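Peer 1: Enclosed is the structure file upload18.cif (mmCIF, C-alpha atoms and all ligand atoms).
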data_data
loop_
_atom_site.label_atom_id
_atom_site.label_comp_id
_atom_site.auth_asym_id
_atom_site.auth_seq_id
_atom_site.Cartn_x
_atom_site.Cartn_y
_atom_site.Cartn_z
CA MET R 11 91.64 111.61 205.10
CA LYS R 12 95.10 110.06 204.91
CA GLU R 13 97.51 110.76 202.08
CA HIS R 14 96.07 111.44 198.66
CA LYS R 15 98.00 111.91 195.45
CA GLN R 16 98.59 115.17 193.67
CA ILE R 17 97.76 115.57 190.00
CA LYS R 18 101.44 115.24 189.05
CA ASP R 19 101.41 111.82 190.74
CA TRP R 20 98.37 110.47 188.92
CA GLY R 21 100.63 108.79 186.40
CA LEU R 22 99.22 110.71 183.44
CA GLY R 23 102.32 112.82 182.93
CA LEU R 24 100.54 116.04 183.95
CA THR R 25 102.35 118.99 185.45
CA GLY R 26 100.62 122.11 186.76
CA PRO R 27 98.78 124.30 186.12
CA THR R 28 96.26 121.76 184.84
CA ILE R 29 94.25 123.08 181.92
CA ILE R 30 91.15 121.06 181.09
CA ALA R 31 89.31 122.06 177.93
CA GLY R 32 86.74 120.58 175.58
CA PRO R 33 83.05 120.87 174.82
CA CYS R 34 80.25 120.97 177.34
CA SER R 35 78.75 117.98 175.49
CA ALA R 36 80.16 115.55 172.95
CA GLU R 37 77.72 116.00 170.04
CA THR R 38 79.11 114.29 166.92
CA PRO R 39 82.46 112.76 165.88
CA GLU R 40 82.85 115.69 163.45
CA GLN R 41 82.45 118.20 166.29
CA ILE R 42 85.07 116.43 168.43
CA GLU R 43 87.46 116.28 165.49
CA GLN R 44 86.98 119.95 164.55
CA ILE R 45 87.67 121.07 168.14
CA CYS R 46 90.87 119.00 168.17
CA ILE R 47 91.98 120.38 164.81
CA GLU R 48 91.40 123.97 165.94
CA MET R 49 93.22 123.34 169.22
CA LYS R 50 96.17 122.09 167.18
CA GLU R 51 95.98 124.99 164.71
CA ASN R 52 95.98 127.48 167.57
CA ASN R 53 98.68 125.60 169.37
CA VAL R 54 96.57 125.35 172.51
CA ILE R 55 96.83 121.76 173.71
CA PRO R 56 95.19 121.36 177.12
CA SER R 57 96.49 118.98 179.78
CA MET R 58 93.23 117.05 179.56
CA PHE R 59 90.23 116.93 177.21
CA ARG R 60 86.79 117.19 178.78
CA ALA R 61 83.51 116.13 177.18
CA GLY R 62 80.07 115.69 178.72
CA ILE R 63 78.65 112.31 177.73
CA TRP R 64 75.74 112.22 180.17
CA LYS R 65 74.31 115.67 180.88
CA PRO R 66 72.30 116.25 184.03
CA ARG R 67 69.90 118.97 182.86
CA THR R 68 67.87 121.12 185.18
CA ARG R 69 64.63 120.43 183.30
CA PRO R 70 63.72 117.58 180.97
CA GLY R 71 63.50 118.21 177.26
CA SER R 72 67.03 119.52 176.64
CA PHE R 73 69.85 117.46 175.18
CA GLU R 74 70.77 114.91 177.85
CA GLY R 75 74.01 113.67 176.32
CA ILE R 76 74.96 111.23 173.59
CA GLY R 77 75.76 108.38 175.99
CA GLU R 78 78.28 105.55 175.61
CA GLU R 79 78.62 106.06 171.84
CA GLY R 80 80.36 109.38 172.54
CA LEU R 81 83.10 107.61 174.48
CA LYS R 82 84.20 105.83 171.28
CA TRP R 83 84.83 109.27 169.72
CA MET R 84 87.43 109.98 172.38
CA GLU R 85 89.80 107.93 170.21
CA ILE R 86 89.70 110.92 167.83
CA VAL R 87 91.06 113.09 170.65
CA ARG R 88 93.77 110.56 171.44
CA HIS R 89 94.71 110.40 167.77
CA HIS R 90 94.95 114.20 167.29
CA LEU R 91 96.10 115.45 170.68
CA ASN R 92 97.31 112.40 172.61
CA ILE R 93 96.04 113.77 175.94
CA PRO R 94 94.01 112.16 178.76
CA ILE R 95 90.22 112.21 178.58
CA THR R 96 87.90 113.18 181.40
CA VAL R 97 84.10 112.78 181.53
CA GLU R 98 81.39 113.36 184.11
CA VAL R 99 79.76 110.37 185.78
CA GLY R 100 76.42 110.78 187.51
CA ASN R 101 75.66 107.25 188.66
CA ALA R 102 77.17 103.77 189.09
CA ALA R 103 76.24 102.70 185.54
CA HIS R 104 78.07 105.70 184.06
CA ALA R 105 81.09 104.88 186.20
CA GLU R 106 81.18 101.27 184.95
CA ILE R 107 80.82 102.37 181.32
CA ALA R 108 83.57 104.97 181.74
CA LEU R 109 85.93 102.32 183.14
CA ARG R 110 85.06 99.91 180.32
CA ASN R 111 85.88 102.58 177.74
CA ASN R 112 89.27 103.49 179.25
CA VAL R 113 88.38 107.00 180.30
CA ASP R 114 91.47 108.39 182.07
CA VAL R 115 89.84 110.60 184.72
CA VAL R 116 86.23 110.98 185.85
CA TRP R 117 84.56 113.91 187.54
CA VAL R 118 81.46 114.07 189.68
CA GLY R 119 79.19 117.02 188.94
CA ALA R 120 77.65 119.50 191.37
CA ARG R 121 74.20 117.93 191.06
CA THR R 122 75.62 114.56 192.08
CA THR R 123 77.90 115.77 194.88
CA VAL R 124 74.80 116.89 196.79
CA ASN R 125 73.61 113.28 197.04
CA PRO R 126 75.71 111.03 199.31
CA PHE R 127 73.87 107.90 198.11
CA ALA R 128 74.76 108.60 194.47
CA VAL R 129 78.35 109.47 195.41
CA GLN R 130 78.69 106.25 197.41
CA GLU R 131 77.35 104.16 194.52
CA ILE R 132 79.82 105.76 192.12
CA ALA R 133 82.65 105.21 194.61
CA ASP R 134 81.67 101.53 194.96
CA ALA R 135 81.52 101.14 191.18
CA LEU R 136 85.00 102.65 190.77
CA ALA R 137 86.53 100.78 193.73
CA GLY R 138 89.31 98.43 192.73
CA SER R 139 90.33 100.64 189.80
CA ASP R 140 93.01 103.27 190.14
CA ILE R 141 91.16 105.99 188.26
CA PRO R 142 91.62 109.61 189.34
CA VAL R 143 88.42 111.34 190.48
CA MET R 144 87.68 115.08 190.51
CA VAL R 145 84.78 116.22 192.67
CA LYS R 146 82.93 119.42 191.83
CA ASN R 147 81.51 121.43 194.70
CA PRO R 148 77.85 120.74 195.52
CA MET R 149 75.20 123.18 194.20
CA ASN R 150 74.81 124.69 197.68
CA PRO R 151 77.72 126.14 199.65
CA ASP R 152 78.06 123.20 202.01
CA LEU R 153 81.73 122.49 202.62
CA ASP R 154 81.04 119.27 204.55
CA LEU R 155 79.08 117.83 201.65
CA TRP R 156 81.98 118.57 199.31
CA MET R 157 84.52 117.10 201.73
CA GLY R 158 82.25 114.14 202.42
CA ALA R 159 82.15 113.23 198.73
CA LEU R 160 85.95 113.30 198.48
CA GLU R 161 86.14 111.17 201.64
CA ARG R 162 83.79 108.58 200.16
CA PHE R 163 86.16 108.06 197.21
CA HIS R 164 89.17 107.95 199.48
CA ALA R 165 87.47 105.42 201.76
CA VAL R 166 87.14 102.87 198.91
CA GLY R 167 90.84 103.20 198.12
CA LEU R 168 90.80 105.85 195.39
CA THR R 169 93.58 108.24 196.31
CA LYS R 170 94.11 110.15 193.07
CA LEU R 171 91.78 112.99 193.97
CA ALA R 172 91.20 116.64 193.16
CA ALA R 173 88.37 119.10 193.70
CA ILE R 174 86.72 121.45 191.21
CA HIS R 175 85.33 124.83 192.28
CA ARG R 176 82.44 125.64 189.93
CA GLY R 177 80.60 128.12 192.14
CA PHE R 178 77.32 127.87 194.05
CA SER R 179 73.73 128.39 193.06
CA ASP R 180 72.40 131.66 194.50
CA ALA R 181 68.76 132.65 194.25
CA TYR R 182 69.44 136.37 194.60
CA ASP R 183 72.88 137.25 193.29
CA LYS R 184 72.49 137.14 189.52
CA ARG R 185 75.91 138.54 188.65
CA TYR R 186 77.08 134.97 188.23
CA ARG R 187 75.52 131.77 186.98
CA ASN R 188 77.08 130.18 190.06
CA LYS R 189 78.57 132.44 192.66
CA PRO R 190 82.22 131.78 193.53
CA ASN R 191 83.21 131.26 197.14
CA TRP R 192 86.96 131.53 197.40
CA SER R 193 87.15 130.60 201.09
CA MET R 194 85.91 127.06 200.51
CA PRO R 195 88.63 125.89 198.10
CA MET R 196 91.20 127.48 200.38
CA HIS R 197 89.68 125.69 203.34
CA LEU R 198 89.99 122.36 201.49
CA LYS R 199 93.62 123.14 200.79
CA ARG R 200 94.23 124.03 204.45
CA VAL R 201 92.57 120.91 205.86
CA TRP R 202 94.06 118.52 203.33
CA THR R 203 97.52 119.84 202.55
CA GLY R 204 98.25 119.25 198.92
CA MET R 205 94.61 118.87 197.82
CA GLU R 206 94.49 120.49 194.42
CA VAL R 207 91.51 122.51 193.33
CA ILE R 208 90.74 123.21 189.69
CA ASN R 209 88.63 126.28 188.97
CA ASP R 210 85.74 126.13 186.48
CA PRO R 211 85.17 129.73 185.34
CA SER R 212 82.71 128.65 182.61
CA HIS R 213 80.08 127.55 185.13
CA ILE R 214 80.81 130.42 187.50
CA VAL R 215 80.36 133.14 184.89
CA GLY R 216 77.83 131.40 182.63
CA LYS R 217 78.78 133.53 179.63
CA ARG R 218 81.88 134.06 177.53
CA ASP R 219 82.74 137.48 178.96
CA GLY R 220 84.33 137.35 182.36
CA ILE R 221 86.01 133.96 182.01
CA LEU R 222 89.44 135.59 181.90
CA GLU R 223 88.77 137.72 184.98
CA ILE R 224 87.57 134.78 187.08
CA SER R 225 90.42 132.57 185.84
CA GLN R 226 92.96 135.20 186.90
CA LYS R 227 91.30 135.53 190.29
CA ALA R 228 91.53 131.76 190.78
CA MET R 229 95.23 131.81 189.92
CA ASN R 230 95.81 134.76 192.28
CA PHE R 231 94.25 132.75 195.11
CA GLY R 232 96.60 129.85 194.31
CA LEU R 233 94.17 127.35 192.76
CA ASP R 234 95.81 124.69 190.66
CA GLY R 235 94.22 124.73 187.25
CA LEU R 236 91.28 125.65 185.04
CA MET R 237 88.46 123.80 183.34
CA ILE R 238 87.20 125.89 180.42
CA GLU R 239 84.40 124.73 178.10
CA THR R 240 85.62 124.95 174.52
CA HIS R 241 83.69 124.41 171.26
CA HIS R 242 84.61 125.20 167.64
CA ASP R 243 81.20 126.85 167.07
CA PRO R 244 79.89 127.83 170.53
CA ASP R 245 76.69 129.52 169.30
CA LYS R 246 75.57 126.24 167.75
CA ALA R 247 76.48 124.11 170.79
CA TRP R 248 73.76 121.70 171.95
CA SER R 249 74.25 122.73 175.58
CA ASP R 250 75.74 125.72 177.44
CA ALA R 251 76.05 127.68 174.17
CA LYS R 252 76.50 131.00 175.97
CA GLN R 253 79.51 130.05 178.03
CA GLN R 254 81.71 128.10 175.61
CA VAL R 255 84.69 129.68 173.89
CA THR R 256 86.47 128.80 170.66
CA PRO R 257 89.95 127.25 170.77
CA ALA R 258 91.28 130.59 169.42
CA ARG R 259 89.70 132.45 172.33
CA LEU R 260 90.95 129.79 174.75
CA LYS R 261 94.44 130.52 173.46
CA GLU R 262 93.93 134.27 174.07
CA ILE R 263 92.60 133.66 177.59
CA LEU R 264 95.47 131.36 178.54
CA SER R 265 98.06 133.73 177.09
CA ALA R 266 96.58 136.68 179.02
CA ILE R 267 96.57 134.93 182.40
CA ASP R 268 99.45 135.67 184.71
CA PHE R 269 99.93 132.16 186.13
CA LYS R 270 101.22 132.34 189.69
CA LYS R 271 103.48 129.71 191.17
CA PRO R 272 103.54 128.33 194.70
CA LEU R 273 106.51 129.59 196.65
CA GLU R 274 107.48 126.01 197.49
CA SER R 275 108.63 125.64 193.88
CA GLU R 276 111.61 127.93 194.51
CA GLN R 277 113.91 129.28 197.24
CA PRO R 278 112.29 132.19 199.12
CA SER R 279 114.30 135.42 198.83
CA GLU R 280 116.08 137.07 201.79
CA LYS R 281 113.56 139.92 201.67
CA LEU R 282 110.61 137.52 202.01
CA ASN R 283 112.38 135.69 204.84
CA ASP R 284 112.86 139.01 206.69
CA LEU R 285 109.22 139.96 206.24
CA ARG R 286 108.08 136.54 207.46
CA ARG R 287 110.28 136.87 210.54
CA ALA R 288 108.58 140.22 211.25
CA VAL R 289 105.18 138.50 210.98
CA ASP R 290 106.34 135.73 213.35
CA HIS R 291 107.36 138.37 215.90
CA LEU R 292 104.06 140.26 215.61
CA ASP R 293 102.09 137.02 215.96
CA ASP R 294 103.99 136.29 219.18
CA GLN R 295 103.00 139.71 220.49
CA LEU R 296 99.40 139.10 219.43
CA LEU R 297 99.37 135.85 221.42
CA ASP R 298 100.85 137.56 224.49
CA ILE R 299 98.13 140.21 224.31
CA LEU R 300 95.40 137.59 223.93
CA GLN R 301 96.81 135.70 226.91
CA GLU R 302 96.67 138.91 228.94
CA ARG R 303 93.14 139.70 227.79
CA PHE R 304 91.87 136.27 228.78
CA ALA R 305 93.56 136.56 232.19
CA VAL R 306 91.49 139.73 232.77
CA ILE R 307 88.38 137.99 231.41
CA ASP R 308 88.97 135.24 234.02
CA GLN R 309 89.14 137.87 236.78
CA ILE R 310 85.83 139.32 235.57
CA GLY R 311 84.51 135.72 235.54
CA ALA R 312 85.53 135.29 239.21
CA HIS R 313 83.74 138.52 240.06
CA LYS R 314 80.59 137.33 238.27
CA ARG R 315 80.72 134.03 240.12
CA GLU R 316 80.95 135.81 243.44
CA HIS R 317 78.08 138.20 242.66
CA HIS R 318 75.82 135.75 240.82
CA LEU R 319 76.00 137.63 237.53
CA SER R 320 75.42 135.99 234.17
CA VAL R 321 78.40 135.77 231.85
CA PHE R 322 76.89 137.28 228.73
CA GLN R 323 76.38 141.01 229.17
CA SER R 324 74.78 142.32 226.01
CA ASN R 325 75.13 146.05 226.66
CA ARG R 326 78.81 145.78 227.43
CA TRP R 327 79.27 143.46 224.49
CA LYS R 328 77.55 145.88 222.12
CA GLU R 329 79.83 148.65 223.35
CA VAL R 330 82.94 146.53 222.79
CA MET R 331 81.82 145.34 219.35
CA GLU R 332 80.79 148.73 217.99
CA GLY R 333 83.67 150.69 219.54
CA ARG R 334 86.42 148.30 218.46
CA THR R 335 84.95 147.84 214.97
CA GLU R 336 84.95 151.61 214.45
CA LYS R 337 88.55 151.85 215.64
CA GLY R 338 89.57 148.93 213.43
CA VAL R 339 87.97 150.44 210.34
CA LYS R 340 89.94 153.64 210.99
CA LYS R 341 93.08 151.49 211.00
CA ASN R 342 92.18 150.16 207.53
CA LEU R 343 90.84 146.80 208.75
CA SER R 344 87.64 145.69 207.04
CA GLU R 345 84.41 145.86 209.02
CA LYS R 346 83.66 142.22 208.21
CA PHE R 347 87.05 141.14 209.52
CA MET R 348 86.65 143.20 212.70
CA ARG R 349 83.22 141.74 213.43
CA GLU R 350 84.37 138.17 212.81
CA LEU R 351 87.47 138.64 214.95
CA LEU R 352 85.57 140.21 217.83
CA TYR R 353 82.82 137.60 217.61
CA CYS R 354 85.43 134.87 217.92
CA ILE R 355 87.11 136.54 220.92
CA HIS R 356 83.76 137.12 222.64
CA GLU R 357 82.69 133.50 222.14
CA GLU R 358 85.86 132.34 223.83
CA SER R 359 85.44 134.85 226.68
CA VAL R 360 81.91 133.77 227.56
CA LYS R 361 82.79 130.08 227.25
CA ARG R 362 85.70 130.51 229.68
CA GLN R 363 83.55 132.41 232.15
CA GLU R 364 80.71 129.89 231.91
CA LYS R 365 83.22 127.11 232.60
CA GLN R 366 84.33 129.01 235.73
CA LEU R 367 80.71 129.17 236.95
CA ARG R 368 80.16 125.49 236.22
CA GLU R 369 83.30 124.46 238.07
CA ALA R 370 82.26 126.55 241.08
CA ASP R 371 78.85 124.80 241.03
CA THR R 372 80.49 121.36 240.94
CA VAL R 373 82.68 122.21 243.92
CA LYS R 374 79.60 123.30 245.89
CA LYS R 375 77.63 120.11 245.12
C1 LIG K 1 84.25 140.28 229.91
C2 LIG K 1 82.92 140.28 230.11
O1 LIG K 1 82.11 139.20 229.76
C3 LIG K 1 81.63 139.00 228.42
C4 LIG K 1 82.76 139.18 227.47
C5 LIG K 1 83.05 140.39 226.92
C6 LIG K 1 84.34 140.62 226.19
O2 LIG K 1 84.99 139.64 225.79
O3 LIG K 1 84.76 141.79 226.03
C7 LIG K 1 82.10 141.42 227.01
C8 LIG K 1 80.89 141.23 227.59
C9 LIG K 1 80.45 139.95 228.16
O4 LIG K 1 79.47 139.37 227.34
C10 LIG K 1 82.23 141.45 230.72
O5 LIG K 1 81.11 141.28 231.19
O6 LIG K 1 82.85 142.54 230.74
#
Could I get this file's structure written as structure tokens?
Ligand SMILES: C=C(O[C@@H]1C=C(C(=O)O)C=C[C@H]1O)C(=O)O

Peer 2:
Amino acid sequence: MKEHKQIKDWGLGLTGPTIIAGPCSAETPEQIEQICIEMKENNVIPSMFRAGIWKPRTRPGSFEGIGEEGLKWMEIVRHHLNIPITVEVGNAAHAEIALRNNVDVVWVGARTTVNPFAVQEIADALAGSDIPVMVKNPMNPDLDLWMGALERFHAVGLTKLAAIHRGFSDAYDKRYRNKPNWSMPMHLKRVWTGMEVINDPSHIVGKRDGILEISQKAMNFGLDGLMIETHHDPDKAWSDAKQQVTPARLKEILSAIDFKKPLESEQPSEKLNDLRRAVDHLDDQLLDILQERFAVIDQIGAHKREHHLSVFQSNRWKEVMEGRTEKGVKKNLSEKFMRELLYCIHEESVKRQEKQLREADTVKK
């Protein structure tokens, strides 16, 4: 994906961290107005107002959203709060209606991100507009599917993009409604420098308690904003009653969070520069050691070639894996990290040796 724009460049006058708040579903004009009034009273004006207009429900029979009529009520939000509006679109028709009703930002929900056909249809419907699009992670922890959806929007010329981490469905781990996976948002940010990821603690936790903790964690990891479902009377909400908070509680949550800033926003201190230089030096040593290790691996490879031995030697490998992991754990390195590191090194070793055997075969033929 070529350049995409950051939230501050969407032209909506937003600066980070982006706080998106509003009800799970738009229910009535009175509800929308009351939420706005309470946001004002509590002096908690989000960067964007969210409202579900079309609700993809797991099973039929629950409230499936008010539809286009609800978009007219967004004028109430503009009147009271004067902030951009974002809604979820689940198909091409929703996308067209959202554009017609001057919605400022759309998001694609987890149940839609899983379906490349639906994503493509939405992208085609939005093509030609300049609307920003936020893509929630798919239900299942499939990074490619998430990236693929963002790429589909980019491919039709929509470059105002962001991702939303709302956690992943997990059949066994019931601590969360949707289990967070902090590596995936960080991976997105590594692959696409500058890709901003908003965290959605409401859908991760699934209940009011714990929203603060998950929000703080997201900020610690360096995510770029929060989407928190907010309702003036959460217990009476028509959807997601358990996980919505009042504007007063939203204010408390936001005041309690220690928002972290990216280092790029200021000059690094001398101390940090010194420490980073030390890391650079150690990394150089690490590379020298790896180079040396692989030179020995190549010598073992030559020996195997000569004596017709296979490259993968499970007993030796087991010994290396178990022995080094134990040593690493004693040095305060996590077992998971040790196993992943050793696995990676071993993969490379056997691939190099296999290449040596193959090259020897080619010479013979
Ligand atoms: C280096 C060897 O080849 C492979 C690579 C190993 C390693 O990287 O430590 C260990 C066992 C083998 O599967 C070997 O046989 O000793």

Peer 1: Could you give me, as a ChimeraX atom specification, the residues within 12 Å of Gly100 of chain R, counting all atoms listed in the file and dropping anything in the same chain fewer than 3 positions from it?

Peer 2: /R:62-67,74-75,77,97,103-108,116-133,135,145-146

Peer 1: Given all atoms listed in the file as the basis, pick out the residue of R:Gly167, R:Pro142, R:Gly80, R:Pro56 nearest to Gly21 of chain R.

Peer 2: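 Going through R:Gly167, R:Pro142, R:Gly80, R:Pro56 one by one, the smallest distance to Gly21 of chain R is for R:Pro142.
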
Peer 1: Output as a tab-separated table one row per residue of chain R within 6 Å of ligand LIG 1 (chain K): the closest atom pair and its distance in Å to one decimal place, counting all atoms listed in the file, sorted by chain and residue number ascending.

Peer 2:
residue	atom	partner	partner_atom	distance
R:Ile307	CA	K:LIG1	C1	5.0
R:Ile310	CA	K:LIG1	C1	6.0
R:Val321	CA	K:LIG1	O1	5.5
R:Phe322	CA	K:LIG1	O4	3.6
R:Gln323	CA	K:LIG1	O4	3.9
R:Ser324	CA	K:LIG1	O4	5.7
R:Arg326	CA	K:LIG1	C8	5.0
R:Trp327	CA	K:LIG1	C8	4.1
R:His356	CA	K:LIG1	O2	4.2
R:Ser359	CA	K:LIG1	O2	4.9
R:Val360	CA	K:LIG1	C3	5.3

Peer 1: Generate the output file for the selected residues, C-alpha atoms, as a PDB file, in the coordinates of the input.

Peer 2:
ATOM      1  CA  ILE R 307      88.380 137.990 231.410  1.00  0.00           C
ATOM      2  CA  ILE R 310      85.830 139.320 235.570  1.00  0.00           C
ATOM      3  CA  VAL R 321      78.400 135.770 231.850  1.00  0.00           C
ATOM      4  CA  PHE R 322      76.890 137.280 228.730  1.00  0.00           C
ATOM      5  CA  GLN R 323      76.380 141.010 229.170  1.00  0.00           C
ATOM      6  CA  SER R 324      74.780 142.320 226.010  1.00  0.00           C
ATOM      7  CA  ARG R 326      78.810 145.780 227.430  1.00  0.00           C
ATOM      8  CA  TRP R 327      79.270 143.460 224.490  1.00  0.00           C
ATOM      9  CA  HIS R 356      83.760 137.120 222.640  1.00  0.00           C
ATOM     10  CA  SER R 359      85.440 134.850 226.680  1.00  0.00           C
ATOM     11  CA  VAL R 360      81.910 133.770 227.560  1.00  0.00           C
TER      12      VAL R 360
END

Peer 1: Considering all atoms listed in the file, tabulate each residue of segment 180-280 of chain R that lies at most 10 Å from segment 153-159 of chain R along with its nearest interatomic pair and the corresponding distance in Å to one decimal; arrange the rows by chain and ascending residue number and present them as a tab-separated table.

Peer 2:
residue	atom	partner	partner_atom	distance
R:Ser193	CA	R:Leu153	CA	9.9
R:Met194	CA	R:Leu153	CA	6.5
R:Pro195	CA	R:Leu153	CA	8.9
R:His197	CA	R:Leu153	CA	8.6
R:Leu198	CA	R:Met157	CA	7.6
R:Val201	CA	R:Met157	CA	9.8
R:Trp202	CA	R:Met157	CA	9.8

Peer 1: Figure out the distance between atom CA of Glu43 of chain R and atom CA of Ile93 of chain R, please, to one decimal in Å.

Peer 2: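 Computing the Euclidean distance for atom CA of Ile93 of chain R and atom CA of Glu43 of chain R yields 13.8 Å.
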
Peer 1: Near segment 344-346 of chain R, within 8 Å and counting only C-alpha atoms, which residues show up once chain neighbours fewer than 6 positions away are dropped, as a list in words?

Peer 2: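 My list of contacting residues is Thr335, Glu336 and Gly338 of chain R.
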
Peer 1: For a test of reading the model, state the distance in Å between atom CA of Arg60 of chain R and atom CA of Lys18 of chain R, rounded to one decimal.

Peer 2: 18.0 Å

Peer 1: Could you give me, as a tab-separated table, every segment 159-220 of chain R residue with an atom at most 6 Å from segment 235-245 of chain R, plus its closest atom pair and distance in Å to one decimal, counting only C-alpha atoms, rows ordered by chain then number?

Peer 2:
residue	atom	partner	partner_atom	distance
R:Ile208	CA	R:Gly235	CA	4.5
R:Asn209	CA	R:Leu236	CA	4.8
R:Asp210	CA	R:Met237	CA	4.8
R:Ser212	CA	R:Ile238	CA	5.7

Peer 1: Counting all atoms listed in the file, which of R:Arg349, R:Lys271, R:Lys314, R:Lys340 gets nearest to Gln363 of chain R?

Peer 2: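 That would be R:Lys314, the residue with the smallest distance to Gln363 of chain R.
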
Peer 1: Could you tell me how far atom CA of Trp20 of chain R sits from atom CA of Pro190 of chain R, in Å to one decimal place?

Peer 2: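 Rounded to one decimal, the two atoms are 27.1 Å apart.
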
Peer 1: Point out the residue among R:Ile95, R:Val255, R:Leu233, R:Leu81 with the least atom-to-atom distance to Ile174 of chain R, counting only C-alpha atoms.

Peer 2: R:Leu233

Peer 1: From the list R:Phe231, R:Arg334, R:Asp140, R:Asn112, which residue is nearest Phe163 of chain R when using only C-alpha atoms?

Peer 2: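 The answer is R:Asp140, which sits nearest to Phe163 of chain R.
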